[in-house]
Amino acid sequence: MSDLIEVAAKKIAAATRPISFSGAGLSAESGISTFRDNSEDALWANFDPTRLASQEGFKADPAAVIDWYSARRRKLAQAVPNAAHKALGQQAGWTHITQNVDHLLEQGGADAKHVLHLHGSLLKDQCNADCGHTEVIDLNDPPGLRDCPDCGNRMRPSVVWFGESLRQHVLNRATAEAAEADLLLVIGTSAVVYPAAGLIPLASEAGADIIFVNTEASEMADGKSIEIIGKAGDVLPLLFK
Ligand code: BV8
Ligand code: ZN
C-alpha cells in the first residue's frame, strides 16, 4: 500500500467526526457518466448543462430535457454499487454528503438518514410549480413529459437545476456537518459547482483534515491536504482496511 494511502488510512482510523463529500467520480465505475471529465461519454460532452439542467432549458425544450433524464434513469436502473460505495457504506457513524442524484451509496449499505443529497435525486419527480405533488419513478420505465395531476403544470425530476436554490434544510445540515468534521474525505468531484464545493474550504478552515481521492489532481488541494490520485473503487477499500 503506498505510504500516502497508509498515512490517509491512519488519519481516517483516528478521526472522531469523519464525513465524505462526493461527486460523479464516485459512481463512474458503476457505469454512470460523469459531468465534466474528458471521457467521451461524459454527460455534458454532448449536452450543455445550463441548457438541459435548468428552468430555461426545460422551458425551451421540455421533451429534450425529459428524454435526457429518462436516458440517465434507464442507465441507473442497470447500475450496481461499486467497491467505493460499499467501502463507504460499511463505515458506521459517517455522514455522506453527495452531489450525486443516484442512490448507489444507500444501495452500497450507507444509512439513508446519513446521506445528504445536495442536488436532489433521480428516483422522484416533482411538480415544476412546487404545488407539492411528487411521484416515485420506476427507473426501468421512466415516464415521459407529462403534467402535474394536481395543478396542471409540468412534472420534472426532483433534482436541483442550475439557478435553483438547494433545499435549505439539506444545505444547513451539510454545512453544520462540514463545520464540525475533523476529517473530510473528498471523492470524485471537480469541485466547480457552488454552493456544494464551498463545503471543502469550510471544513478545512474549521480545522478538518482533507483527503482527496480523484483520478486527476484537484485545484482545491493545498499543502495541508492529502491528495491520492487513483480510482475510487481501487483506493477506498484500502483506506478502510
Ligand atoms: C445556486 C443536479 C443560486 C442536476 C447539478 C453562471 C450561470 C449560472 C449559475 C452559476 C454561474 N456561476 C455560478 C453559478 C452557480 C451555479 C454553479 O456553481 N455553476 C458552476 C458550473 C459554475 N450553481 C447553481 O446554480 C446552484 N444553485 O447557486 O442557486 C440561487 C441562490 C439563491 C436563490 C436562487 C438561486 C445549483 C447547482 C446544482 C446544479 N445541479 N446536478 C442533474 O444531475 O442533472 S450539478 C452537477 O454537477 C451534479 O450534481 C454533479 O455532481 C455536480 C458536480 O460535478 P461533479 O460531481 O464534480 O462531476 P464532474 O464530472 O464535474 O467531475 C467528476 C470528477 O470525478 C472529476 O474530477 C474526475 O477527475 C473524477 N473521476 C472520474 N472518474 C473517477 C474520478 N474520481 C475517482 N474515481 C473515478 N473512477
Ligand atoms: Zn402541481
# chains A, B, ... in the order shown; residues from 1 in each chain; ligands from 1
$ residues_near_ligand --ligand "ligand 2" --cutoff "10 Å" --atoms "only C-alpha atoms and all ligand atoms" --output "number ranges by chain"
A: 126-134, 147-155
$ select_by_dssp --residues "stretch 9-77 of chain A" --states "strand (DSSP E)" --output "PyMOL selection string"
chain A and resi 18-22
$ residues_around --residues "stretch 206-210 of chain A" --least-positions-apart "2" --cutoff "7 Å" --atoms "only C-alpha atoms" --output "compact mmCIF listing (two decimals) with C-alpha atoms, in the first residue's frame"
# COMPACT_ATOMS: atom_id res chain seq x y z
CA ALA A 179 -18.07 22.81 10.15
CA ALA A 181 -15.95 17.43 10.95
CA ASP A 182 -12.36 16.60 11.90
CA LEU A 183 -11.85 14.74 8.61
CA LEU A 184 -13.38 15.31 5.15
CA LEU A 185 -12.88 12.60 2.52
CA LEU A 202 -15.40 25.49 5.03
CA ALA A 203 -14.31 22.15 6.58
CA SER A 204 -10.63 22.98 6.07
CA PHE A 212 -8.84 13.97 -1.92
CA SER A 225 -4.42 18.23 2.35
CA ILE A 226 -3.61 14.67 1.26
$ atom_distance --atom1 "atom 14 (C, counted along the ligand's line) of ligand 1" --atom2 "atom CA of A:Leu145"
26.7 Å
$ residues_around --residues "A:Asp102" --least-positions-apart "2" --cutoff "10 Å" --atoms "only C-alpha atoms" --output "ChimeraX atom specification"
/A:24,27,32,72-73,76-77,79,98-100,104-107,117,120-123
$ write_last_selection --atoms "C-alpha atoms" --output "mmCIF file, in the first residue's frame"
data_model
loop_
_atom_site.group_PDB
_atom_site.id
_atom_site.type_symbol
_atom_site.label_atom_id
_atom_site.label_comp_id
_atom_site.auth_asym_id
_atom_site.auth_seq_id
_atom_site.Cartn_x
_atom_site.Cartn_y
_atom_site.Cartn_z
ATOM 1 C CA ALA A 24 -19.887 11.915 -10.141
ATOM 2 C CA SER A 27 -20.301 6.459 -9.422
ATOM 3 C CA ILE A 32 -22.746 6.291 -14.567
ATOM 4 C CA ARG A 72 -29.929 8.611 -17.315
ATOM 5 C CA ARG A 73 -32.626 6.806 -15.321
ATOM 6 C CA LEU A 76 -29.050 3.976 -13.410
ATOM 7 C CA ALA A 77 -31.551 1.096 -13.380
ATOM 8 C CA ALA A 79 -26.061 0.212 -12.261
ATOM 9 C CA THR A 98 -23.131 13.890 -2.094
ATOM 10 C CA GLN A 99 -23.785 15.904 -5.222
ATOM 11 C CA ASN A 100 -24.881 12.688 -6.912
ATOM 12 C CA LEU A 104 -25.822 3.893 -5.047
ATOM 13 C CA LEU A 105 -24.421 4.936 -1.651
ATOM 14 C CA GLU A 106 -27.607 3.683 0.051
ATOM 15 C CA GLN A 107 -27.607 0.534 -2.086
ATOM 16 C CA HIS A 117 -28.288 14.635 -1.443
ATOM 17 C CA GLY A 120 -31.704 16.003 -5.205
ATOM 18 C CA SER A 121 -32.482 12.599 -6.657
ATOM 19 C CA LEU A 122 -33.385 10.873 -9.938
ATOM 20 C CA LEU A 123 -35.719 8.494 -8.060
#
$ residues_around --residues "A:Gly108" --least-positions-apart "2" --cutoff "8 Å" --atoms "only C-alpha atoms" --output "list in words"
Pro81, Asn82, His85, Lys86, Ala87, Leu88, Gly89, Leu104, Leu105, Glu106 and Ala110 of chain A
$ atom_distance --atom1 "atom CA of A:Pro157" --atom2 "atom CA of A:Thr175"
24.4 Å
$ residues_around --residues "stretch 159-174 of chain A" --least-positions-apart "3" --cutoff "7 Å" --atoms "only C-alpha atoms" --output "list of chain:residue names"
A:Thr50, A:Ala53, A:Ser54, A:Ile97, A:Leu116, A:Leu118, A:His119, A:Gly120, A:Ser121, A:Leu122, A:Glu177, A:Ala178
$ residues_around --residues "A:Ile229" --least-positions-apart "5" --cutoff "9 Å" --atoms "only C-alpha atoms" --output "compact mmCIF listing (two decimals) with N, CA and C atoms, in the first residue's frame"
# COMPACT_ATOMS: atom_id res chain seq x y z
N PHE A 212 -8.22 14.02 -0.58
CA PHE A 212 -8.84 13.97 -1.92
C PHE A 212 -8.56 12.61 -2.54
N VAL A 213 -9.59 12.00 -3.12
CA VAL A 213 -9.38 10.81 -3.95
C VAL A 213 -9.99 11.13 -5.31
N ASN A 214 -9.12 11.14 -6.34
CA ASN A 214 -9.59 11.55 -7.66
C ASN A 214 -8.61 10.98 -8.69
N THR A 215 -9.11 10.74 -9.90
CA THR A 215 -8.19 10.24 -10.94
C THR A 215 -7.33 11.37 -11.48
N GLU A 216 -7.72 12.63 -11.13
CA GLU A 216 -6.91 13.79 -11.56
C GLU A 216 -6.59 14.67 -10.35
N ALA A 217 -5.57 15.51 -10.52
CA ALA A 217 -5.21 16.45 -9.44
C ALA A 217 -6.34 17.47 -9.31
N VAL A 235 -9.06 2.76 -4.51
CA VAL A 235 -8.45 3.41 -3.33
C VAL A 235 -9.27 3.23 -2.06
$ closest_residue --among "A:Leu52, A:Ala15, A:Val136, A:Ala92" --to "ligand 1" --atoms "only C-alpha atoms and all ligand atoms"
A:Leu52
$ select_by_dssp --residues "stretch 36-187 of chain A" --states "alpha helix (DSSP H)" --output "PyMOL selection string"
chain A and resi 43-46+49-52+55-60+62-77+83-89+104-107+168-180
$ closest_residue --among "A:Lys241, A:Lys231, A:Arg156, A:Arg74" --to "ligand 1" --atoms "only C-alpha atoms and all ligand atoms"
A:Lys231
$ decode --residues "stretch 191-214 of chain A" --atoms "N, CA, C and O atoms" --output "mmCIF file, in the first residue's frame"
data_model
loop_
_atom_site.group_PDB
_atom_site.id
_atom_site.type_symbol
_atom_site.label_atom_id
_atom_site.label_comp_id
_atom_site.auth_asym_id
_atom_site.auth_seq_id
_atom_site.Cartn_x
_atom_site.Cartn_y
_atom_site.Cartn_z
ATOM 1 N N ALA A 191 -15.252 19.768 -8.120
ATOM 2 C CA ALA A 191 -15.418 20.880 -7.158
ATOM 3 C C ALA A 191 -15.554 22.229 -7.858
ATOM 4 O O ALA A 191 -14.893 23.201 -7.479
ATOM 5 N N VAL A 192 -16.408 22.305 -8.877
ATOM 6 C CA VAL A 192 -16.637 23.585 -9.578
ATOM 7 C C VAL A 192 -18.050 24.114 -9.360
ATOM 8 O O VAL A 192 -18.359 25.241 -9.702
ATOM 9 N N VAL A 193 -18.927 23.252 -8.778
ATOM 10 C CA VAL A 193 -20.322 23.679 -8.613
ATOM 11 C C VAL A 193 -20.526 24.187 -7.186
ATOM 12 O O VAL A 193 -20.222 23.496 -6.215
ATOM 13 N N TYR A 194 -21.101 25.399 -7.103
ATOM 14 C CA TYR A 194 -21.352 26.013 -5.780
ATOM 15 C C TYR A 194 -22.860 26.058 -5.538
ATOM 16 O O TYR A 194 -23.639 26.021 -6.500
ATOM 17 N N PRO A 195 -23.302 26.137 -4.300
ATOM 18 C CA PRO A 195 -22.538 26.222 -3.055
ATOM 19 C C PRO A 195 -21.922 24.902 -2.581
ATOM 20 O O PRO A 195 -21.177 24.888 -1.601
ATOM 21 N N ALA A 196 -22.155 23.774 -3.265
ATOM 22 C CA ALA A 196 -21.644 22.471 -2.789
ATOM 23 C C ALA A 196 -20.123 22.504 -2.560
ATOM 24 O O ALA A 196 -19.632 22.138 -1.489
ATOM 25 N N ALA A 197 -19.390 22.979 -3.558
ATOM 26 C CA ALA A 197 -17.913 22.924 -3.466
ATOM 27 C C ALA A 197 -17.398 23.752 -2.292
ATOM 28 O O ALA A 197 -16.317 23.482 -1.756
ATOM 29 N N GLY A 198 -18.197 24.743 -1.863
ATOM 30 C CA GLY A 198 -17.766 25.606 -0.746
ATOM 31 C C GLY A 198 -17.614 24.853 0.564
ATOM 32 O O GLY A 198 -16.974 25.324 1.513
ATOM 33 N N LEU A 199 -18.166 23.615 0.610
ATOM 34 C CA LEU A 199 -18.048 22.820 1.844
ATOM 35 C C LEU A 199 -16.602 22.399 2.108
ATOM 36 O O LEU A 199 -16.216 22.164 3.256
ATOM 37 N N ILE A 200 -15.790 22.326 1.037
ATOM 38 C CA ILE A 200 -14.405 21.861 1.219
ATOM 39 C C ILE A 200 -13.590 22.919 1.979
ATOM 40 O O ILE A 200 -13.063 22.632 3.065
ATOM 41 N N PRO A 201 -13.514 24.186 1.476
ATOM 42 C CA PRO A 201 -12.787 25.194 2.263
ATOM 43 C C PRO A 201 -13.410 25.431 3.639
ATOM 44 O O PRO A 201 -12.705 25.673 4.618
ATOM 45 N N LEU A 202 -14.728 25.287 3.734
ATOM 46 C CA LEU A 202 -15.397 25.493 5.033
ATOM 47 C C LEU A 202 -14.863 24.476 6.053
ATOM 48 O O LEU A 202 -14.465 24.826 7.168
ATOM 49 N N ALA A 203 -14.803 23.206 5.658
ATOM 50 C CA ALA A 203 -14.310 22.154 6.575
ATOM 51 C C ALA A 203 -12.830 22.391 6.891
ATOM 52 O O ALA A 203 -12.392 22.280 8.041
ATOM 53 N N SER A 204 -12.077 22.785 5.876
ATOM 54 C CA SER A 204 -10.634 22.984 6.066
ATOM 55 C C SER A 204 -10.386 24.131 7.052
ATOM 56 O O SER A 204 -9.615 23.998 8.000
ATOM 57 N N GLU A 205 -11.132 25.242 6.857
ATOM 58 C CA GLU A 205 -10.950 26.391 7.769
ATOM 59 C C GLU A 205 -11.402 26.048 9.194
ATOM 60 O O GLU A 205 -10.904 26.597 10.164
ATOM 61 N N ALA A 206 -12.325 25.077 9.302
ATOM 62 C CA ALA A 206 -12.780 24.688 10.649
ATOM 63 C C ALA A 206 -11.816 23.681 11.268
ATOM 64 O O ALA A 206 -12.054 23.175 12.374
ATOM 65 N N GLY A 207 -10.725 23.350 10.539
ATOM 66 C CA GLY A 207 -9.685 22.502 11.136
ATOM 67 C C GLY A 207 -9.707 21.049 10.727
ATOM 68 O O GLY A 207 -8.946 20.233 11.268
ATOM 69 N N ALA A 208 -10.569 20.696 9.772
ATOM 70 C CA ALA A 208 -10.626 19.281 9.378
ATOM 71 C C ALA A 208 -9.429 18.919 8.501
ATOM 72 O O ALA A 208 -8.949 19.737 7.719
ATOM 73 N N ASP A 209 -8.974 17.648 8.626
ATOM 74 C CA ASP A 209 -8.009 17.120 7.649
ATOM 75 C C ASP A 209 -8.791 16.834 6.377
ATOM 76 O O ASP A 209 -9.892 16.281 6.433
ATOM 77 N N ILE A 210 -8.210 17.217 5.225
ATOM 78 C CA ILE A 210 -8.892 16.972 3.940
ATOM 79 C C ILE A 210 -8.114 15.915 3.159
ATOM 80 O O ILE A 210 -6.895 16.044 2.993
ATOM 81 N N ILE A 211 -8.806 14.886 2.706
ATOM 82 C CA ILE A 211 -8.188 13.859 1.856
ATOM 83 C C ILE A 211 -8.955 13.820 0.535
ATOM 84 O O ILE A 211 -10.180 13.666 0.533
ATOM 85 N N PHE A 212 -8.217 14.024 -0.581
ATOM 86 C CA PHE A 212 -8.841 13.968 -1.920
ATOM 87 C C PHE A 212 -8.564 12.613 -2.540
ATOM 88 O O PHE A 212 -7.411 12.143 -2.488
ATOM 89 N N VAL A 213 -9.586 11.998 -3.119
ATOM 90 C CA VAL A 213 -9.379 10.810 -3.954
ATOM 91 C C VAL A 213 -9.987 11.128 -5.308
ATOM 92 O O VAL A 213 -11.194 11.381 -5.416
ATOM 93 N N ASN A 214 -9.123 11.141 -6.338
ATOM 94 C CA ASN A 214 -9.594 11.545 -7.661
ATOM 95 C C ASN A 214 -8.607 10.983 -8.688
ATOM 96 O O ASN A 214 -7.437 10.805 -8.387
#
